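Student: Sharing target.pdb (PDB, C-alpha atoms) below.
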ATOM      1  CA  MET A   1      -5.453 -17.523   1.912
ATOM      2  CA  LYS A   2      -3.151 -18.289   4.805
ATOM      3  CA  TYR A   3      -1.527 -14.869   5.367
ATOM      4  CA  ARG A   4      -2.714 -11.396   6.315
ATOM      5  CA  TYR A   5      -1.396  -8.535   4.168
ATOM      6  CA  ALA A   6      -0.884  -4.795   4.616
ATOM      7  CA  MET A   7      -0.363  -2.463   1.659
ATOM      8  CA  VAL A   8       1.501   0.729   2.559
ATOM      9  CA  CYS A   9       2.292   3.871   0.573
ATOM     10  CA  SER A  10       3.021   7.485   1.423
ATOM     11  CA  SER A  11       0.021   9.741   1.735
ATOM     12  CA  ASN A  12      -1.967   9.912  -1.476
ATOM     13  CA  GLN A  13      -3.840   6.613  -1.279
ATOM     14  CA  ASN A  14      -3.243   5.537  -4.868
ATOM     15  CA  ARG A  15      -0.796   2.610  -4.987
ATOM     16  CA  SER A  16      -1.755   0.946  -1.691
ATOM     17  CA  MET A  17      -5.476   1.258  -2.426
ATOM     18  CA  GLU A  18      -5.111  -0.100  -5.966
ATOM     19  CA  ALA A  19      -3.347  -3.156  -4.517
ATOM     20  CA  HIS A  20      -5.873  -3.393  -1.648
ATOM     21  CA  SER A  21      -8.737  -3.381  -4.141
ATOM     22  CA  LEU A  22      -7.168  -6.101  -6.320
ATOM     23  CA  PHE A  23      -6.160  -8.300  -3.379
ATOM     24  CA  LYS A  24      -9.629  -7.958  -1.853
ATOM     25  CA  ARG A  25     -11.262  -9.045  -5.135
ATOM     26  CA  GLN A  26      -8.930 -12.076  -5.169
ATOM     27  CA  GLY A  27     -10.024 -13.119  -1.661
ATOM     28  CA  PHE A  28      -6.945 -12.043   0.295
ATOM     29  CA  ASP A  29      -7.149 -10.797   3.882
ATOM     30  CA  VAL A  30      -5.767  -7.307   3.274
ATOM     31  CA  SER A  31      -5.607  -3.819   4.765
ATOM     32  CA  SER A  32      -4.013  -0.613   3.488
ATOM     33  CA  TYR A  33      -2.283   2.333   5.092
ATOM     34  CA  GLY A  34      -0.449   5.567   4.454
ATOM     35  CA  THR A  35       2.641   6.697   6.338
ATOM     36  CA  GLY A  36       2.465  10.475   5.954
ATOM     37  CA  SER A  37       1.142  12.935   8.496
ATOM     38  CA  HIS A  38      -1.870  13.714   6.281
ATOM     39  CA  VAL A  39      -3.557  12.444   3.138
ATOM     40  CA  LYS A  40      -2.365  14.633   0.264
ATOM     41  CA  LEU A  41      -4.144  14.615  -3.076
ATOM     42  CA  PRO A  42      -3.127  16.673  -6.101
ATOM     43  CA  GLY A  43      -4.671  20.128  -6.261
ATOM     44  CA  PRO A  44      -4.849  22.825  -8.904
ATOM     45  CA  SER A  45      -1.034  23.184  -8.692
ATOM     46  CA  ILE A  46       1.898  21.417  -7.041
ATOM     47  CA  ARG A  47       1.961  24.099  -4.356
ATOM     48  CA  GLU A  48      -1.761  23.684  -3.622
ATOM     49  CA  PRO A  49      -2.429  20.029  -2.713
ATOM     50  CA  ASN A  50      -5.688  19.001  -1.121
ATOM     51  CA  VAL A  51      -4.828  17.922   2.423
ATOM     52  CA  TYR A  52      -7.053  15.779   4.632
ATOM     53  CA  ASP A  53      -6.611  14.142   8.014
ATOM     54  CA  PHE A  54      -6.346  10.366   8.118
ATOM     55  CA  GLY A  55      -9.791   9.080   9.032
ATOM     56  CA  THR A  56     -11.575  11.570   6.747
ATOM     57  CA  PRO A  57     -14.085   9.469   4.790
ATOM     58  CA  TYR A  58     -13.283   9.001   1.103
ATOM     59  CA  LYS A  59     -16.873  10.042   0.337
ATOM     60  CA  GLN A  60     -16.246  13.394   2.044
ATOM     61  CA  MET A  61     -13.039  13.899   0.004
ATOM     62  CA  PHE A  62     -14.896  12.949  -3.185
ATOM     63  CA  ASP A  63     -17.722  15.405  -2.480
ATOM     64  CA  ASP A  64     -15.261  18.164  -1.537
ATOM     65  CA  LEU A  65     -13.248  17.848  -4.757
ATOM     66  CA  ARG A  66     -16.385  17.473  -6.879
ATOM     67  CA  ARG A  67     -17.581  20.791  -5.431
ATOM     68  CA  LYS A  68     -14.214  22.509  -6.001
ATOM     69  CA  ASP A  69     -13.531  21.567  -9.647
ATOM     70  CA  PRO A  70     -15.211  18.419 -10.994
ATOM     71  CA  GLU A  71     -13.592  18.653 -14.444
ATOM     72  CA  LEU A  72     -10.033  19.003 -13.095
ATOM     73  CA  TYR A  73     -10.366  16.133 -10.626
ATOM     74  CA  LYS A  74     -12.076  13.877 -13.144
ATOM     75  CA  ARG A  75      -9.413  14.631 -15.774
ATOM     76  CA  ASN A  76      -6.484  13.997 -13.422
ATOM     77  CA  GLY A  77      -8.028  10.734 -12.181
ATOM     78  CA  ILE A  78      -8.577  11.753  -8.553
ATOM     79  CA  LEU A  79     -12.380  11.417  -8.566
ATOM     80  CA  PRO A  80     -12.277   7.936 -10.147
ATOM     81  CA  MET A  81      -9.544   6.952  -7.661
ATOM     82  CA  LEU A  82     -11.649   8.151  -4.714
ATOM     83  CA  LYS A  83     -14.708   6.340  -6.112
ATOM     84  CA  ARG A  84     -12.637   3.124  -6.191
ATOM     85  CA  ASN A  85     -11.429   3.785  -2.642
ATOM     86  CA  ILE A  86     -15.019   4.260  -1.391
ATOM     87  CA  GLY A  87     -15.756   0.736  -2.628
ATOM     88  CA  VAL A  88     -12.774  -0.699  -0.727
ATOM     89  CA  LYS A  89     -13.055   0.933   2.712
ATOM     90  CA  SER A  90     -14.580   3.997   4.320
ATOM     91  CA  ALA A  91     -11.514   6.115   5.140
ATOM     92  CA  PRO A  92      -7.713   6.141   4.937
ATOM     93  CA  GLN A  93      -5.744   4.849   7.896
ATOM     94  CA  ARG A  94      -2.255   5.745   9.061
ATOM     95  CA  TRP A  95       0.226   2.870   9.496
ATOM     96  CA  GLN A  96       1.774   4.259  12.653
ATOM     97  CA  ASP A  97      -1.650   4.615  14.348
ATOM     98  CA  ASN A  98      -3.280   1.343  13.338
ATOM     99  CA  VAL A  99      -0.827  -1.531  13.464
ATOM    100  CA  ALA A 100      -0.231  -2.298  17.102
ATOM    101  CA  ASP A 101      -1.575  -5.836  17.293
ATOM    102  CA  GLY A 102       0.973  -7.741  15.183
ATOM    103  CA  SER A 103      -1.671  -9.093  12.903
ATOM    104  CA  PHE A 104       0.133  -8.928   9.535
ATOM    105  CA  ASP A 105       2.267 -11.639   8.008
ATOM    106  CA  VAL A 106       3.363  -9.641   4.949
ATOM    107  CA  VAL A 107       3.667  -5.877   4.530
ATOM    108  CA  LEU A 108       4.106  -4.477   1.016
ATOM    109  CA  ALA A 109       5.481  -0.991   0.410
ATOM    110  CA  PHE A 110       5.541   0.675  -2.991
ATOM    111  CA  GLU A 111       8.441   3.071  -2.493
ATOM    112  CA  GLU A 112      11.717   2.680  -0.660
ATOM    113  CA  LYS A 113      11.224   5.542   1.808
ATOM    114  CA  VAL A 114       7.942   3.963   2.961
ATOM    115  CA  TYR A 115       9.638   0.559   3.221
ATOM    116  CA  ASP A 116      12.313   2.151   5.421
ATOM    117  CA  MET A 117       9.634   3.824   7.580
ATOM    118  CA  VAL A 118       7.819   0.505   8.103
ATOM    119  CA  ILE A 119      11.061  -1.255   9.077
ATOM    120  CA  GLU A 120      11.948   1.549  11.482
ATOM    121  CA  ASP A 121       8.452   1.610  12.970
ATOM    122  CA  LEU A 122       8.461  -2.152  13.553
ATOM    123  CA  PHE A 123      11.973  -1.956  15.022
ATOM    124  CA  ILE A 124      10.944   0.508  17.750
ATOM    125  CA  ARG A 125       7.810  -1.427  18.720
ATOM    126  CA  ASP A 126       7.719  -3.872  21.591
ATOM    127  CA  HIS A 127       8.500  -7.355  20.219
ATOM    128  CA  ALA A 128       6.471  -9.253  22.787
ATOM    129  CA  LEU A 129       4.960 -11.768  20.342
ATOM    130  CA  MET A 130       8.208 -12.616  18.517
ATOM    131  CA  LYS A 131       6.038 -13.273  15.461
ATOM    132  CA  SER A 132       7.841 -12.763  12.147
ATOM    133  CA  VAL A 133       6.597 -10.361   9.483
ATOM    134  CA  LEU A 134       7.903 -10.163   5.920
ATOM    135  CA  ILE A 135       8.346  -6.604   4.642
ATOM    136  CA  ILE A 136       8.644  -6.196   0.868
ATOM    137  CA  ASN A 137       9.278  -3.138  -1.272
ATOM    138  CA  LEU A 138       8.174  -3.186  -4.886
ATOM    139  CA  GLU A 139       9.025   0.217  -6.365
ATOM    140  CA  VAL A 140       6.025   1.605  -8.267
ATOM    141  CA  LYS A 141       5.739   5.069  -9.836
ATOM    142  CA  ASP A 142       2.918   7.107  -8.376
ATOM    143  CA  ASN A 143       0.483   7.362 -11.258
ATOM    144  CA  HIS A 144      -2.736   5.514 -12.018
ATOM    145  CA  GLU A 145      -1.318   3.301 -14.797
ATOM    146  CA  GLU A 146       1.746   2.217 -12.821
ATOM    147  CA  ALA A 147      -0.376   1.645  -9.703
ATOM    148  CA  ALA A 148      -2.461  -0.873 -11.674
ATOM    149  CA  VAL A 149       0.675  -2.618 -12.994
ATOM    150  CA  GLY A 150       2.252  -2.592  -9.532
ATOM    151  CA  ALA A 151      -0.856  -4.090  -7.950
ATOM    152  CA  ARG A 152      -0.818  -6.991 -10.445
ATOM    153  CA  LEU A 153       2.893  -7.585  -9.848
ATOM    154  CA  ALA A 154       2.383  -7.452  -6.069
ATOM    155  CA  LEU A 155      -0.434  -9.990  -6.405
ATOM    156  CA  GLU A 156       1.768 -12.340  -8.420
ATOM    157  CA  LEU A 157       4.576 -12.038  -5.870
ATOM    158  CA  CYS A 158       2.228 -12.666  -2.952
ATOM    159  CA  GLN A 159       0.658 -15.645  -4.697
ATOM    160  CA  GLU A 160       4.166 -17.137  -4.789
ATOM    161  CA  VAL A 161       4.580 -16.400  -1.086
ATOM    162  CA  GLU A 162       1.200 -18.056  -0.428
ATOM    163  CA  ALA A 163       2.173 -21.125  -2.465
ATOM    164  CA  ALA A 164       5.399 -21.688  -0.553
ATOM    165  CA  GLU A 165       5.454 -24.267   2.209
ATOM    166  CA  SER A 166       7.242 -21.710   4.371
ATOM    167  CA  TRP A 167       8.005 -18.198   3.131
ATOM    168  CA  GLU A 168      10.870 -17.980   5.641
ATOM    169  CA  ASP A 169      12.634 -20.857   3.849
ATOM    170  CA  SER A 170      11.671 -19.823   0.296
ATOM    171  CA  ILE A 171      11.762 -16.022   0.183
ATOM    172  CA  ASP A 172      15.242 -15.750  -1.387
ATOM    173  CA  GLU A 173      14.252 -18.026  -4.269
ATOM    174  CA  ILE A 174      10.804 -16.389  -4.678
ATOM    175  CA  VAL A 175      12.346 -12.907  -4.929
ATOM    176  CA  THR A 176      15.151 -13.995  -7.275
ATOM    177  CA  ASN A 177      12.681 -15.681  -9.645
ATOM    178  CA  PHE A 178      10.364 -12.656  -9.556
ATOM    179  CA  GLU A 179      13.227 -10.225 -10.248
ATOM    180  CA  ASN A 180      14.489 -12.311 -13.160
ATOM    181  CA  LYS A 181      11.018 -12.655 -14.683
ATOM    182  CA  HIS A 182       9.944  -9.004 -14.355
ATOM    183  CA  ARG A 183      13.293  -7.183 -14.347
ATOM    184  CA  ARG A 184      12.279  -5.297 -11.211
ATOM    185  CA  LYS A 185      14.317  -5.030  -8.036
ATOM    186  CA  VAL A 186      12.577  -6.158  -4.868
ATOM    187  CA  LEU A 187      13.780  -5.287  -1.390
ATOM    188  CA  TYR A 188      12.745  -7.419   1.563
ATOM    189  CA  ASN A 189      13.394  -7.683   5.248
ATOM    190  CA  ILE A 190      12.131  -9.765   8.126
ATOM    191  CA  SER A 191      11.026  -8.077  11.320
ATOM    192  CA  PHE A 192       9.064  -9.139  14.383
ATOM    193  CA  TYR A 193       6.012  -8.190  16.417
TER     194      TYR A 193
END
If you convert what's in this file into structure tokens, what do you get?
Tutor:
Amino acid sequence: MKYRYAMVCSSNQNRSMEAHSLFKRQGFDVSSYGTGSHVKLPGPSIREPNVYDFGTPYKQMFDDLRRKDPELYKRNGILPMLKRNIGVKSAPQRWQDNVADGSFDVVLAFEEKVYDMVIEDLFIRDHALMKSVLIINLEVKDNHEEAAVGARLALELCQEVEAAESWEDSIDEIVTNFENKHRRKVLYNISFY
């Protein structure tokens, strides 16, 4: 693969990690990040999420939730999700803390507010390298089924980007074809490192 990818979602580590896992299995050079201030996983109620600091190992989260209520977290898919995440990387990382080197060619967000945060974050950074980065938003609902669908769609889109002679020259056509085929709106922007 010729490009380096970053998958970015809010703070629950579902959509970006599903895509990270799939891209990794397909041989892509990929990383994943959250943009929130903490990692938030569903708890016993909406008002009681499980909150962890970025950098907390997925294994530690898994063990913590298994101790709290193994049936609840198995039933709602959080334990299987964390088990998948353990196989992908050791701990969640925060976009704003880990992307200073300009090493990504394509950044994929899975919700518009995250896409906007990535664009804003890249805008305020020093643009010393003047290296272009393609930022794409593919809106994906935050549940396990949609995360799997979104990851496959993101892979297809990025395979088209990979196949292009130059994504800078082809991105309009790639996005238009993808939108027509899948009936999904894609936002994209070009920024710089």
Student: Quick one: apply the PyMOL selection byres ((chain A and resi 59) around 9) to the file and drop the selected residues here as a list of chain:residue names.
Tutor: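 On the file shown, the PyMOL selection byres ((chain A and resi 59) around 9) covers A:Thr56, A:Pro57, A:Tyr58, A:Gln60, A:Met61, A:Phe62, A:Asp63, A:Asp64, A:Leu82, A:Lys83, A:Asn85, A:Ile86, A:Ser90, A:Ala91.
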Student: Find, counting only C-alpha atoms, the residue in A:Leu134, A:Leu22, A:Val107, A:Met1 that gets nearest to Val149 of chain A.
Tutor: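 The answer is A:Leu22, which sits nearest to Val149 of chain A.
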Student: What do you get, as a list in words, if you spell out every residue that the PyMOL selection byres ((chain A and resi 2) around 12) selects here?
Tutor: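 Applying the expression gives Met1, Tyr3, Arg4, Tyr5, Gly27, Phe28, Asp29, Val30, Phe104, Asp105, Val106, Cys158, Gln159, Val161, Glu162, Ala163, Ala164, Glu165, Ser166 and Trp167 of chain A.
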Student: Restricting it to C-alpha atoms, dump the selection as an mmCIF file, in the coordinates of the input.
Tutor:
data_model
loop_
_atom_site.group_PDB
_atom_site.id
_atom_site.type_symbol
_atom_site.label_atom_id
_atom_site.label_comp_id
_atom_site.auth_asym_id
_atom_site.auth_seq_id
_atom_site.Cartn_x
_atom_site.Cartn_y
_atom_site.Cartn_z
ATOM 1 C CA MET A 1 -5.453 -17.523 1.912
ATOM 2 C CA TYR A 3 -1.527 -14.869 5.367
ATOM 3 C CA ARG A 4 -2.714 -11.396 6.315
ATOM 4 C CA TYR A 5 -1.396 -8.535 4.168
ATOM 5 C CA GLY A 27 -10.024 -13.119 -1.661
ATOM 6 C CA PHE A 28 -6.945 -12.043 0.295
ATOM 7 C CA ASP A 29 -7.149 -10.797 3.882
ATOM 8 C CA VAL A 30 -5.767 -7.307 3.274
ATOM 9 C CA PHE A 104 0.133 -8.928 9.535
ATOM 10 C CA ASP A 105 2.267 -11.639 8.008
ATOM 11 C CA VAL A 106 3.363 -9.641 4.949
ATOM 12 C CA CYS A 158 2.228 -12.666 -2.952
ATOM 13 C CA GLN A 159 0.658 -15.645 -4.697
ATOM 14 C CA VAL A 161 4.580 -16.400 -1.086
ATOM 15 C CA GLU A 162 1.200 -18.056 -0.428
ATOM 16 C CA ALA A 163 2.173 -21.125 -2.465
ATOM 17 C CA ALA A 164 5.399 -21.688 -0.553
ATOM 18 C CA GLU A 165 5.454 -24.267 2.209
ATOM 19 C CA SER A 166 7.242 -21.710 4.371
ATOM 20 C CA TRP A 167 8.005 -18.198 3.131
#
Student: Residues picked by the PyMOL selection byres ((chain A and resi 96) around 9) here, as an MDAnalysis selection string?
Tutor: chainID A and resid 33:35 93:95 97:100 118 121
Student: Take the point (8.5, -9.0, 10.8) in the file's coordinates, draw a sphere of radius 10 Å around it, and report as a list in words every protein, DNA or RNA residue with an atom inside or on it, counting only C-alpha atoms.
Tutor: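 Using only C-alpha atoms, the matching residues come out as Gly102, Phe104, Asp105, Val106, Val107, Val118, Ile119, Leu122, Phe123, His127, Met130, Lys131, Ser132, Val133, Leu134, Ile135, Asn189, Ile190, Ser191, Phe192 and Tyr193 of chain A.
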Student: One decimal, in Å: what's the spacing between atom CA of Asn137 of chain A and atom CA of Ser21 of chain A?
Tutor: 18.2 Å
Student: Please report the interatomic distance between atom CA of Lys113 of chain A and atom CA of Gln13 of chain A in Å with one decimal.
Tutor: 15.4 Å
Student: For atom CA of Val114 of chain A and atom CA of Cys9 of chain A, quote the distance in Å rounded to one decimal.
Tutor: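 Answer for the atom CA of Val114 of chain A to atom CA of Cys9 of chain A separation: 6.1 Å.
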Student: Do you know which residues are at most 9 Å from Ser31 of chain A counting only C-alpha atoms, after dropping those on the same chain fewer than 3 positions away, and could you put them as a ChimeraX atom specification?
Tutor: /A:4-8,16-17,20,24
Student: Would you mind exporting C-alpha atoms of the selected residues as a short mmCIF file (atom, residue, chain, number, x, y, z; two decimals), in the frame of the given file?
Tutor:
data_model
loop_
_atom_site.label_atom_id
_atom_site.label_comp_id
_atom_site.auth_asym_id
_atom_site.auth_seq_id
_atom_site.Cartn_x
_atom_site.Cartn_y
_atom_site.Cartn_z
CA ARG A 4 -2.71 -11.40 6.32
CA TYR A 5 -1.40 -8.54 4.17
CA ALA A 6 -0.88 -4.80 4.62
CA MET A 7 -0.36 -2.46 1.66
CA VAL A 8 1.50 0.73 2.56
CA SER A 16 -1.76 0.95 -1.69
CA MET A 17 -5.48 1.26 -2.43
CA HIS A 20 -5.87 -3.39 -1.65
CA LYS A 24 -9.63 -7.96 -1.85
#
Student: Rank nothing, just name the residue among A:Tyr52, A:Tyr188, A:Tyr73, A:Phe110 nearest to Glu146 of chain A, using only C-alpha atoms.
Tutor: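 Nearest to Glu146 of chain A: A:Phe110.
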Student: So that I can see what lies close to Val51 of chain A, please list as a VMD selection string the residues with an atom at most 8 Å from it, counting all atoms listed in the file and leaving out residues fewer than 6 positions away in the same chain.
Tutor: chain A and resid 38 to 41
Student: Between A:Asp126, A:Glu112, A:Glu160, A:Glu71, which residue has the minimum interatomic distance to Glu139 of chain A, considering only C-alpha atoms?
Tutor: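 Of all the options, A:Glu112 lies closest to Glu139 of chain A.
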